[in-house]
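Novice: Handing you a structure now.
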Amino acid sequence: MKVGLPKGLLYYRYHPFFKTFFEELGAELITSEDTNKKVMDAGIRCCTSEACLPIKIFHGHVDALKNQCDLMVVPRIMKVSNNEYICPHLCSLPEMVVHSMDHLPPVTYQSLYFNSQKQLFHWAKDVGKLITPKRSAIEIAFNHALDRQANYKRTIDQSQYSYKILLVGHDYNLYDKYVNMNIIRKLNDLNLGVISSDSIGNGILNKYIKKLPRKPFWYYYRQAYGSAAFLIEKGEIDGIIFISCFSCGIDAVITEAIKDDMSSLPLLLVKLDEHSGDAGLDTRLEAFSDMLARSNTHHKKRRI
Amino acid sequence: MYYLGIDIGSVSTDFVVLNKDLEVEDHLYLNTQGLPMKAVQEGLKLLKDKYLNEAINAVGTTGSGRKIIATVVGADSVKNEITAHAVAALHINPSVKTILEIGGQDSKIIILKDGIVTDFAMNTVCAAGTGSFLDRQAQRLGIPINQLGDYALKANNVVRIAGRCAVFAESDMIHKQQMGYDTPSIVKGLCDALVRNYLSNIAKGKDISAPIFFQGGVAANKGIKNAFEEALHTQVLVPEHYNVMGAIGAAILAKEALERSGGTTKFKGFDLEAAHLSTRGFECSDCSNQCEVIVIEENGVIIGYYGDRCGKWLHSVKMPS
């Protein structure tokens, strides 16, 4: 059986889990290629126009795979941490995809709770059944997938540059180079090193989250607030850049909250959409780097 | 001894010549009309008779077309608009604390402290709250854009126009016209809407303190200046050369860059017209991104590439296959 895994949304976070699980079950896993113009155009064509760019791009990846596989993985990710919510679009992803596209192979409708191993196994059991009747094989594949996921760390921490920036954003905005116009390379070219908001461990985040008057509602607020508060206290960063996609309701709340919380450091909000000309992004990044460099001639530099 | 600054914006291309004391000797404000190369050639032609090539000590470019034009004219510094605007404002008044800048497609706010940019913001993907918003509504009302401000000052009524989006504003404006409001009041409503939009989007959460400079093409509009003063309850200063501040900054930055490096200018001279420049685009088919790459040619020889995501054209001068 051929299983299609679209390279969009939280693929960037959970691909080791999905890959290991399906391959251990003996399925042939097909992943779409990196996001490109063709994928984006296909996504925009079939997706509802109100959705954000990453959702549209996910549709494009599904489109690229739909004639090559017998089962399409459309992860309905409900939660990734206890008592916190992720994104309503991610919770309704299978319905969005099925109702906006034709000629699809069967898709996975089951819910994924990455905060609970027990609930996550329900997903594995139900989806695994479509590939093999052997419950033991599903359990083994599931456990291997969990291990592989636990050992997987994809974070960015560059210290060889004269300034360091905390790059805040959802996984798919941080790691999809097409969507973010290769922002990390652009920052490096301006001599700015990057730490990504997902590189700070949960233990540290928990400690700093306690400073908030109430627990975060959105998972990404925990990540943004916790990483920024920790790195500012350590004196590790010179500024914060927040990458967000146009029309993201969650980021509309988080960016405002972070702006208020972290007013001691320069913060730049980068909004991404279908624009392919990067002159606007270049201008903002260059001005941000100039601001840091020019203020540095008057203030003492904090690091080597 | 002169310094040349060029600001290639989406709506206008501005030239400034500064003398050795960094005073404005000459300035030009030309329409870009989507053809930056042509606007630059025209500007250089206008300056050609007044200045010798050798008299130009440094050249700087800024604006959204800064990179492409830097290659063409031989610029010594290529800087973004925010830095250029801040440098120019600080040159005029070293104590300036806030710069409101509204251009054709961009609007920005720059916050300074002790002569250093400490914060800035630009409009995101939408151009509501910029000059193009006013342009469009002025067209709709049949008023030349340069008279819009005078109309607003004649208003004796307050009309509220929805300013969140140019499309909403237009339907609201038509509605208000049909309800019988007079044109000056509607124009004032538009100015208020733009300012409201600017303050709640771009300037939200920013500490706006005096002295405040208002620059960019839209600063010509007295109605907007008034609306800002009413909303901020403080005086807003429009510098003498408000519409070419970016170019002034570019010229100063070019001077600074050459003083730091100790080199001489790369300026190719005013005779660009004879150089016969042309641009063409092609779709690179080397990967699935299919970037639209721009090629600049001078007398049939390729002098630069722009627009590729991977940078392989940008950094190499080779013929497209």
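Numbering starts fresh at 1 for the residues of each chain in the structure tokens, the chains themselves are lettered A, B, ... in the order given, and ligands are numbered from 1 as they appear.
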Within 10 Å of His61 of chain A, counting only C-alpha atoms, which residues qualify if same-chain residues fewer than 4 places away don't, as a ChimeraX atom specification?

Specialist: /A:4-8,31-36,38-40,42-43,55-57,65-66

Novice: Set the cut-off to 7 Å and count only C-alpha atoms: what are the residues of chain B that reach chain A? Output as an NGL selection string.

Specialist: :B and (64 or 80 or 82-83 or 116-119 or 124-125 or 288-290)

Novice: Can you measure atom CA of Leu187 of chain A to atom CA of Ala84 of chain B for me? One decimal in Å is fine.

Specialist: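 Those two atoms sit 20.0 Å apart.
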
Novice: Select from segment 14-157 of chain A everything DSSP, run on the backbone, classes as strand (DSSP E), then give the selection as a list of chain:residue names.

Specialist: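 Residues meeting the strand (DSSP E) criterion: A:Glu28, A:Leu29, A:Ile30, A:Thr31, A:Leu71, A:Met72, A:Arg76, A:Ile77, A:Met78, A:Lys79, A:Ser111, A:Leu112, A:Tyr113.
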
Novice: Pull C-alpha atoms from the residues just selected and write them as an mmCIF file, in the first residue's frame.

Specialist:
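So the final result, stored in result21.cif, reads:
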data_model
loop_
_atom_site.group_PDB
_atom_site.id
_atom_site.type_symbol
_atom_site.label_atom_id
_atom_site.label_comp_id
_atom_site.auth_asym_id
_atom_site.auth_seq_id
_atom_site.Cartn_x
_atom_site.Cartn_y
_atom_site.Cartn_z
ATOM 1 C CA GLU A 28 5.442 2.543 0.947
ATOM 2 C CA LEU A 29 5.602 6.160 2.062
ATOM 3 C CA ILE A 30 5.533 8.898 -0.540
ATOM 4 C CA THR A 31 6.335 12.446 0.551
ATOM 5 C CA LEU A 71 -4.153 6.496 1.452
ATOM 6 C CA MET A 72 -3.548 10.167 2.206
ATOM 7 C CA ARG A 76 -6.200 16.192 12.355
ATOM 8 C CA ILE A 77 -3.935 17.480 15.131
ATOM 9 C CA MET A 78 -6.039 18.415 18.127
ATOM 10 C CA LYS A 79 -3.450 19.098 20.786
ATOM 11 C CA SER A 111 -7.708 12.758 15.614
ATOM 12 C CA LEU A 112 -4.144 13.090 16.864
ATOM 13 C CA TYR A 113 -3.359 14.103 20.441
#

Novice: Can you list, as a list in words, every protein, DNA or RNA residue that comes within 9 Å of Phe17 of chain A when you count only C-alpha atoms, leaving out same-chain residues fewer than 5 positions away?

Specialist: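 Once the nearby chain positions are removed, what remains is Phe22, Phe142, His144, Ala145, Leu146, Asp147, Arg148, Gln149 and Ala150 of chain A.
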
Novice: When DSSP works through the backbone of this structure, what residues of segment 32-256 of chain B end up as helix (DSSP H, G or I), shown as a PyMOL selection string?

Specialist: chain B and resi 36-48+53-55+66-73+81-92+131-141+145-153+166-178+183-201+217-220+222-232+242-256
